[in-house]
file upload_15.cif (mmCIF, C-alpha atoms)
data_run
loop_
_atom_site.label_atom_id
_atom_site.label_comp_id
_atom_site.auth_asym_id
_atom_site.auth_seq_id
_atom_site.Cartn_x
_atom_site.Cartn_y
_atom_site.Cartn_z
CA MET L 1 25.18 27.91 -106.12
CA LYS L 2 25.31 31.52 -105.14
CA ASP L 3 28.40 33.17 -103.75
CA TYR L 4 26.96 34.74 -100.61
CA GLU L 5 30.27 36.11 -99.40
CA GLN L 6 30.80 38.03 -102.64
CA GLN L 7 27.28 39.50 -102.50
CA ILE L 8 27.73 40.46 -98.85
CA ALA L 9 31.06 42.15 -99.63
CA ARG L 10 29.50 44.05 -102.55
CA ILE L 11 26.57 45.27 -100.43
CA ARG L 12 28.90 46.28 -97.57
CA ASN L 13 30.97 48.25 -100.07
CA GLN L 14 27.82 49.98 -101.35
CA LEU L 15 26.76 50.75 -97.77
CA ALA L 16 30.15 52.29 -97.00
CA GLN L 17 29.99 54.46 -100.13
CA LEU L 18 26.43 55.54 -99.40
CA SER L 19 27.34 56.30 -95.78
CA GLU L 20 30.15 58.58 -96.99
CA GLN L 21 27.76 60.31 -99.39
CA LEU L 22 25.24 60.76 -96.59
CA VAL L 23 27.82 62.36 -94.29
CA GLN L 24 28.93 64.67 -97.09
CA LEU L 25 25.35 65.66 -97.98
CA GLU L 26 24.50 66.34 -94.34
CA ALA L 27 27.56 68.60 -94.01
CA GLU L 28 26.64 70.46 -97.21
CA HIS L 29 23.05 70.84 -96.03
CA LEU L 30 24.22 72.24 -92.69
CA ALA L 31 26.49 74.74 -94.46
CA PHE L 32 23.63 75.70 -96.79
CA CYS L 33 21.27 76.30 -93.84
CA GLU L 34 23.90 78.38 -92.03
CA GLN L 35 24.39 80.53 -95.14
CA GLN L 36 20.63 80.96 -95.52
CA GLU L 37 20.40 82.10 -91.89
CA ARG L 38 23.31 84.55 -92.27
CA ARG L 39 21.82 85.91 -95.53
CA LEU L 40 18.74 87.06 -93.60
CA SER L 41 20.82 89.76 -91.90
CA TYR L 42 21.60 91.42 -95.25
CA LEU L 43 19.60 93.30 -97.89
CA SER L 44 20.29 93.59 -101.60
CA SER L 45 19.83 96.78 -103.59
CA ARG L 46 16.59 95.40 -105.06
CA GLU L 47 15.25 94.60 -101.58
CA ILE L 48 16.04 98.15 -100.42
CA LEU L 49 14.19 99.61 -103.42
CA ASP L 50 11.22 97.31 -102.71
CA ILE L 51 11.10 98.52 -99.10
CA LEU L 52 11.19 102.15 -100.20
CA GLU L 53 8.39 101.54 -102.67
CA ALA L 54 6.25 99.72 -100.11
CA ARG L 55 6.78 102.33 -97.35
CA GLN L 56 7.00 105.54 -99.36
CA GLY L 57 5.22 104.63 -102.56
CA ARG L 58 8.13 106.00 -104.54
CA HIS L 59 10.41 104.33 -107.00
CA GLY L 60 14.13 104.67 -106.35
CA SER L 61 17.07 103.82 -108.52
CA MET L 62 20.04 101.52 -108.27
CA ALA L 63 22.27 104.56 -108.79
CA THR L 64 20.95 106.06 -105.54
CA ILE L 65 21.65 102.86 -103.63
CA LYS L 66 25.16 102.72 -105.13
CA ARG L 67 25.81 106.34 -104.16
CA TRP L 68 24.67 105.69 -100.58
CA ALA L 69 26.87 102.58 -100.42
CA ASP L 70 29.90 104.42 -101.85
CA SER L 71 29.41 107.14 -99.22
CA GLY L 72 29.42 104.49 -96.48
CA TYR L 73 25.83 105.09 -95.35
CA LEU L 74 24.74 101.48 -95.80
CA GLY L 75 27.51 99.86 -93.79
CA GLU L 76 30.04 97.29 -94.98
CA VAL L 77 29.25 96.10 -98.50
CA ILE L 78 29.78 92.42 -99.32
CA ASP L 79 29.58 90.46 -102.57
CA GLU L 80 26.75 87.92 -102.35
CA ARG L 81 28.48 85.33 -104.53
CA GLU L 82 31.63 85.37 -102.41
CA ALA L 83 29.88 85.42 -99.03
CA PHE L 84 27.15 82.89 -99.86
CA PRO L 85 28.42 80.54 -102.58
CA LEU L 86 25.97 77.74 -101.75
CA LEU L 87 22.87 79.88 -102.22
CA ALA L 88 21.27 80.25 -105.64
CA SER L 89 22.73 83.38 -107.14
CA LYS L 90 20.67 85.96 -108.93
CA GLN L 91 21.38 87.40 -112.33
CA GLY L 92 23.70 90.34 -112.78
CA ASN L 93 27.41 90.99 -112.74
CA LYS L 94 27.70 92.05 -109.11
CA ARG L 95 25.30 91.41 -106.30
CA PHE L 96 26.12 93.61 -103.35
CA LEU L 97 24.57 93.08 -99.93
CA TYR L 98 24.29 95.57 -97.09
CA PRO L 99 23.82 94.86 -93.37
CA ARG L 100 20.09 94.98 -92.63
CA GLU L 101 20.42 96.97 -89.40
CA ALA L 102 22.69 99.63 -90.98
CA VAL L 103 20.27 100.05 -93.90
CA PHE L 104 17.22 100.49 -91.69
CA ARG L 105 19.08 102.88 -89.39
CA PHE L 106 20.12 105.01 -92.37
CA LEU L 107 16.65 104.96 -93.98
CA HIS L 108 15.08 105.91 -90.65
CA GLU L 109 17.55 108.78 -90.08
CA LYS L 110 16.95 110.00 -93.64
CA GLY L 111 13.17 109.95 -93.10
CA LEU L 112 12.52 107.25 -95.70
CA PHE L 113 11.47 104.59 -93.22
CA GLU L 114 8.88 106.09 -90.91
CA PRO L 115 6.20 104.56 -88.72
CA ALA L 116 2.67 104.50 -90.12
CA PHE L 117 1.29 106.16 -86.96
CA ASP L 118 2.49 109.03 -84.77
CA ILE L 119 2.37 109.47 -81.02
CA LEU L 120 -1.12 110.53 -79.86
CA ASP L 121 -2.76 109.15 -83.02
CA ARG L 122 -6.12 107.54 -82.42
CA VAL L 123 -6.08 104.01 -83.82
CA ARG L 124 -8.16 100.86 -83.86
CA LEU L 125 -6.45 97.82 -82.37
CA ARG L 126 -7.31 94.46 -83.90
CA SER L 127 -8.21 92.00 -81.20
CA PRO L 128 -9.91 88.58 -81.08
CA SER L 129 -13.13 90.25 -79.92
CA GLY L 130 -13.11 92.81 -82.73
CA GLN L 131 -11.55 96.25 -82.96
CA VAL L 132 -10.85 98.40 -79.92
CA GLY L 133 -10.13 102.13 -79.85
CA ALA L 134 -6.67 103.10 -78.61
CA LEU L 135 -4.19 105.96 -78.45
CA VAL L 136 -0.53 105.58 -79.50
CA THR L 137 1.73 106.51 -76.58
CA SER L 138 5.17 105.46 -77.86
CA ILE L 139 6.90 104.01 -80.91
CA GLU L 140 10.03 101.88 -81.21
CA ARG L 141 11.86 100.73 -84.31
CA ASP L 142 12.63 97.04 -84.10
CA GLY L 143 14.82 96.28 -87.12
CA ASP L 144 12.60 96.36 -90.18
CA ARG L 145 9.35 97.09 -88.37
CA PHE L 146 7.85 99.37 -85.77
CA THR L 147 6.22 98.36 -82.51
CA TYR L 148 3.85 100.56 -80.57
CA GLN L 149 2.72 101.10 -77.03
CA VAL L 150 -0.97 101.95 -76.95
CA GLN L 151 -3.45 102.90 -74.29
CA LEU L 152 -6.94 101.51 -74.67
CA GLU L 153 -9.63 104.21 -74.64
CA GLU L 154 -12.25 102.15 -72.81
CA THR L 155 -10.19 100.80 -69.93
CA GLY L 156 -7.01 102.90 -69.91
CA ALA L 157 -4.93 99.72 -70.00
CA VAL L 158 -1.51 100.08 -71.59
CA LEU L 159 -0.42 97.44 -74.11
CA THR L 160 3.18 97.18 -75.27
CA ALA L 161 4.96 95.67 -78.29
CA ILE L 162 1.95 95.98 -80.60
CA ASP L 163 2.92 95.28 -84.21
CA GLU L 164 2.12 97.94 -86.80
CA ASN L 165 -0.02 95.45 -88.75
CA ASP L 166 -2.36 95.12 -85.74
CA LEU L 167 -3.30 98.83 -85.87
CA LEU L 168 -5.74 100.59 -88.19
CA LEU L 169 -6.85 104.17 -88.62
CA PRO L 170 -10.27 104.76 -87.03
#
call {"tool": "encode", "arguments": {"input": "upload_15.cif", "output": "structure tokens"}}
result
Amino acid sequence: MKDYEQQIARIRNQLAQLSEQLVQLEAEHLAFCEQQERRLSYLSSREILDILEARQGRHGSMATIKRWADSGYLGEVIDEREAFPLLASKQGNKRFLYPREAVFRFLHEKGLFEPAFDILDRVRLRSPSGQVGALVTSIERDGDRFTYQVQLEETGAVLTAIDENDLLLP
């Protein structure tokens, strides 16, 4: 004859242990997601160099980034491993992170992060019906990208908050 009470007690014990593990995993997952979200507001030296290469077509050096950071141009420097211990760390002795907004402000002031188009440039606006001719009337930096206000050539209508990727040279 089977001992049902002993089996029930064993299964209840397993359920209690698994419930504790589940609560712990959910808390760790929440902390991991919060750290991932916070990490998005920082840039590493490598990410800064990648941005410079993509925007300017020039290769920079880690020494330049370090010099800018030491001079205080890139804002408050944090150690990635200390600030985000749950995230997978990259190789290297030190991984410094810089506030995204401070970096883009500095690069923009230094002339290393410029919009692709100037005011009064004739551009082609991508639209669902094809491409439409337009004139750039204003530019705003929005973090790590630029948005444009354009006036359509055909109708004179003014469109705002146009992403740089939606514009082409004629």
call {"tool": "atom_distance", "arguments": {"input": "upload_15.cif", "atom1": "atom CA of Leu125 of chain L", "atom2": "atom CA of Arg55 of chain L"}}
result
20.5 Å
call {"tool": "closest_residue", "arguments": {"input": "upload_15.cif", "among": "L:Asp3, L:Glu153, L:Val123, L:Thr137", "to": "Asp166 of chain L", "atoms": "all atoms listed in the file"}}
result
L:Val123
call {"tool": "residues_near_point", "arguments": {"input": "upload_15.cif", "point": "(-9.4, 101.3, -79.3)", "cutoff": "6 Å", "atoms": "all atoms listed in the file", "output": "list in words"}}
result
Arg124, Leu125, Val132, Gly133, Ala134, Leu152 and Glu153 of chain L
call {"tool": "closest_residue", "arguments": {"input": "upload_15.cif", "among": "L:Ile11, L:Leu40, L:Ala16, L:Ile48", "to": "Leu112 of chain L", "atoms": "all atoms listed in the file"}}
result
L:Ile48
call {"tool": "closest_residue", "arguments": {"input": "upload_15.cif", "among": "L:Leu97, L:Ile51, L:Leu159, L:Val23", "to": "Ser138 of chain L", "atoms": "all atoms listed in the file"}}
result
L:Leu159
call {"tool": "resolve_selection", "arguments": {"input": "upload_15.cif", "expression": "the PyMOL selection byres ((chain L and resi 46) around 10)", "output": "PyMOL selection string"}}
result
chain L and resi 43-45+47-52+60-62+65+95-97
call {"tool": "closest_residue", "arguments": {"input": "upload_15.cif", "among": "L:His108, L:Lys66, L:Arg122, L:Arg39", "to": "Leu86 of chain L", "atoms": "only C-alpha atoms"}}
result
L:Arg39
call {"tool": "residues_around", "arguments": {"input": "upload_15.cif", "residues": "Asn165 of chain L", "least_positions_apart": "3", "cutoff": "10 Å", "atoms": "all atoms listed in the file", "output": "number ranges by chain"}}
result
L: 116, 125-126, 145-147, 162, 168
call {"tool": "write_last_selection", "arguments": {"input": "upload_15.cif", "atoms": "C-alpha atoms", "output": "PDB file, in the frame of the given file"}}
result
ATOM      1  CA  ALA L 116       2.670 104.500 -90.120  1.00  0.00           C
ATOM      2  CA  LEU L 125      -6.450  97.820 -82.370  1.00  0.00           C
ATOM      3  CA  ARG L 126      -7.310  94.460 -83.900  1.00  0.00           C
ATOM      4  CA  ARG L 145       9.350  97.090 -88.370  1.00  0.00           C
ATOM      5  CA  PHE L 146       7.850  99.370 -85.770  1.00  0.00           C
ATOM      6  CA  THR L 147       6.220  98.360 -82.510  1.00  0.00           C
ATOM      7  CA  ILE L 162       1.950  95.980 -80.600  1.00  0.00           C
ATOM      8  CA  LEU L 168      -5.740 100.590 -88.190  1.00  0.00           C
TER       9      LEU L 168
END
call {"tool": "atom_distance", "arguments": {"input": "upload_15.cif", "atom1": "atom CA of Arg105 of chain L", "atom2": "atom CA of Val136 of chain L"}}
result
22.1 Å
call {"tool": "residues_near_point", "arguments": {"input": "upload_15.cif", "point": "(7.7, 98.8, -82.7)", "cutoff": "10 Å", "atoms": "all atoms listed in the file", "output": "PyMOL selection string"}}
result
chain L and resi 115+138-149+160-164
call {"tool": "closest_residue", "arguments": {"input": "upload_15.cif", "among": "L:Tyr98, L:Trp68, L:Phe32, L:Phe117", "to": "Glu80 of chain L", "atoms": "all atoms listed in the file"}}
result
L:Tyr98
call {"tool": "residues_around", "arguments": {"input": "upload_15.cif", "residues": "Phe106 of chain L", "least_positions_apart": "3", "cutoff": "10 Å", "atoms": "all atoms listed in the file", "output": "list in words"}}
result
Trp68, Tyr73, Leu74, Gly75, Glu101, Ala102, Val103, Glu109, Lys110, Gly111, Leu112 and Phe113 of chain L
call {"tool": "write_last_selection", "arguments": {"input": "upload_15.cif", "atoms": "C-alpha atoms", "output": "PDB file, in the coordinates of the input"}}
result
ATOM      1  CA  TRP L  68      24.670 105.690-100.580  1.00  0.00           C
ATOM      2  CA  TYR L  73      25.830 105.090 -95.350  1.00  0.00           C
ATOM      3  CA  LEU L  74      24.740 101.480 -95.800  1.00  0.00           C
ATOM      4  CA  GLY L  75      27.510  99.860 -93.790  1.00  0.00           C
ATOM      5  CA  GLU L 101      20.420  96.970 -89.400  1.00  0.00           C
ATOM      6  CA  ALA L 102      22.690  99.630 -90.980  1.00  0.00           C
ATOM      7  CA  VAL L 103      20.270 100.050 -93.900  1.00  0.00           C
ATOM      8  CA  GLU L 109      17.550 108.780 -90.080  1.00  0.00           C
ATOM      9  CA  LYS L 110      16.950 110.000 -93.640  1.00  0.00           C
ATOM     10  CA  GLY L 111      13.170 109.950 -93.100  1.00  0.00           C
ATOM     11  CA  LEU L 112      12.520 107.250 -95.700  1.00  0.00           C
ATOM     12  CA  PHE L 113      11.470 104.590 -93.220  1.00  0.00           C
TER      13      PHE L 113
END
call {"tool": "atom_distance", "arguments": {"input": "upload_15.cif", "atom1": "atom CA of Glu34 of chain L", "atom2": "atom CA of Ala69 of chain L"}}
result
25.8 Å
call {"tool": "decode", "arguments": {"input": "upload_15.cif", "residues": "segment 73-129 of chain L", "atoms": "C-alpha atoms", "output": "tab-separated table (two decimals), in the first residue's frame"}}
result
chain	number	residue	atom	x	y	z
L	73	TYR	CA	34.05	66.81	-21.23
L	74	LEU	CA	32.14	63.53	-21.24
L	75	GLY	CA	30.37	63.96	-17.91
L	76	GLU	CA	30.57	61.70	-14.88
L	77	VAL	CA	32.50	58.51	-15.64
L	78	ILE	CA	31.26	55.25	-14.13
L	79	ASP	CA	32.71	51.74	-14.08
L	80	GLU	CA	30.41	49.38	-15.98
L	81	ARG	CA	31.16	46.36	-13.80
L	82	GLU	CA	30.32	48.22	-10.60
L	83	ALA	CA	27.21	49.97	-11.92
L	84	PHE	CA	25.77	47.02	-13.85
L	85	PRO	CA	26.97	43.78	-12.22
L	86	LEU	CA	24.13	41.65	-13.63
L	87	LEU	CA	24.87	42.49	-17.26
L	88	ALA	CA	27.37	40.44	-19.24
L	89	SER	CA	30.67	42.25	-18.95
L	90	LYS	CA	32.97	42.82	-21.86
L	91	GLN	CA	36.64	42.04	-21.97
L	92	GLY	CA	39.22	44.47	-20.69
L	93	ASN	CA	40.51	45.66	-17.36
L	94	LYS	CA	38.29	48.72	-17.02
L	95	ARG	CA	35.08	49.48	-18.81
L	96	PHE	CA	34.16	53.10	-18.38
L	97	LEU	CA	30.76	54.46	-19.33
L	98	TYR	CA	29.80	58.05	-20.04
L	99	PRO	CA	26.33	59.65	-19.89
L	100	ARG	CA	24.84	59.52	-23.38
L	101	GLU	CA	23.46	63.07	-23.33
L	102	ALA	CA	26.76	64.60	-22.13
L	103	VAL	CA	28.69	62.75	-24.86
L	104	PHE	CA	26.38	63.87	-27.65
L	105	ARG	CA	26.35	67.45	-26.36
L	106	PHE	CA	30.16	67.51	-26.31
L	107	LEU	CA	30.50	65.89	-29.76
L	108	HIS	CA	27.97	68.34	-31.19
L	109	GLU	CA	29.74	71.37	-29.63
L	110	LYS	CA	33.08	70.07	-30.94
L	111	GLY	CA	31.64	69.68	-34.46
L	112	LEU	CA	32.05	65.91	-34.54
L	113	PHE	CA	28.35	65.13	-34.49
L	114	GLU	CA	26.67	67.22	-37.15
L	115	PRO	CA	23.39	66.85	-39.01
L	116	ALA	CA	23.55	65.34	-42.49
L	117	PHE	CA	21.59	68.28	-43.96
L	118	ASP	CA	21.74	72.05	-43.44
L	119	ILE	CA	18.97	74.62	-43.29
L	120	LEU	CA	17.73	75.52	-46.80
L	121	ASP	CA	19.05	72.26	-48.27
L	122	ARG	CA	16.82	70.76	-50.93
L	123	VAL	CA	16.00	67.17	-49.98
L	124	ARG	CA	13.76	64.32	-51.02
L	125	LEU	CA	11.35	63.14	-48.34
L	126	ARG	CA	10.49	59.45	-48.32
L	127	SER	CA	6.76	58.99	-48.15
L	128	PRO	CA	4.34	56.09	-48.73
L	129	SER	CA	3.50	57.51	-52.16
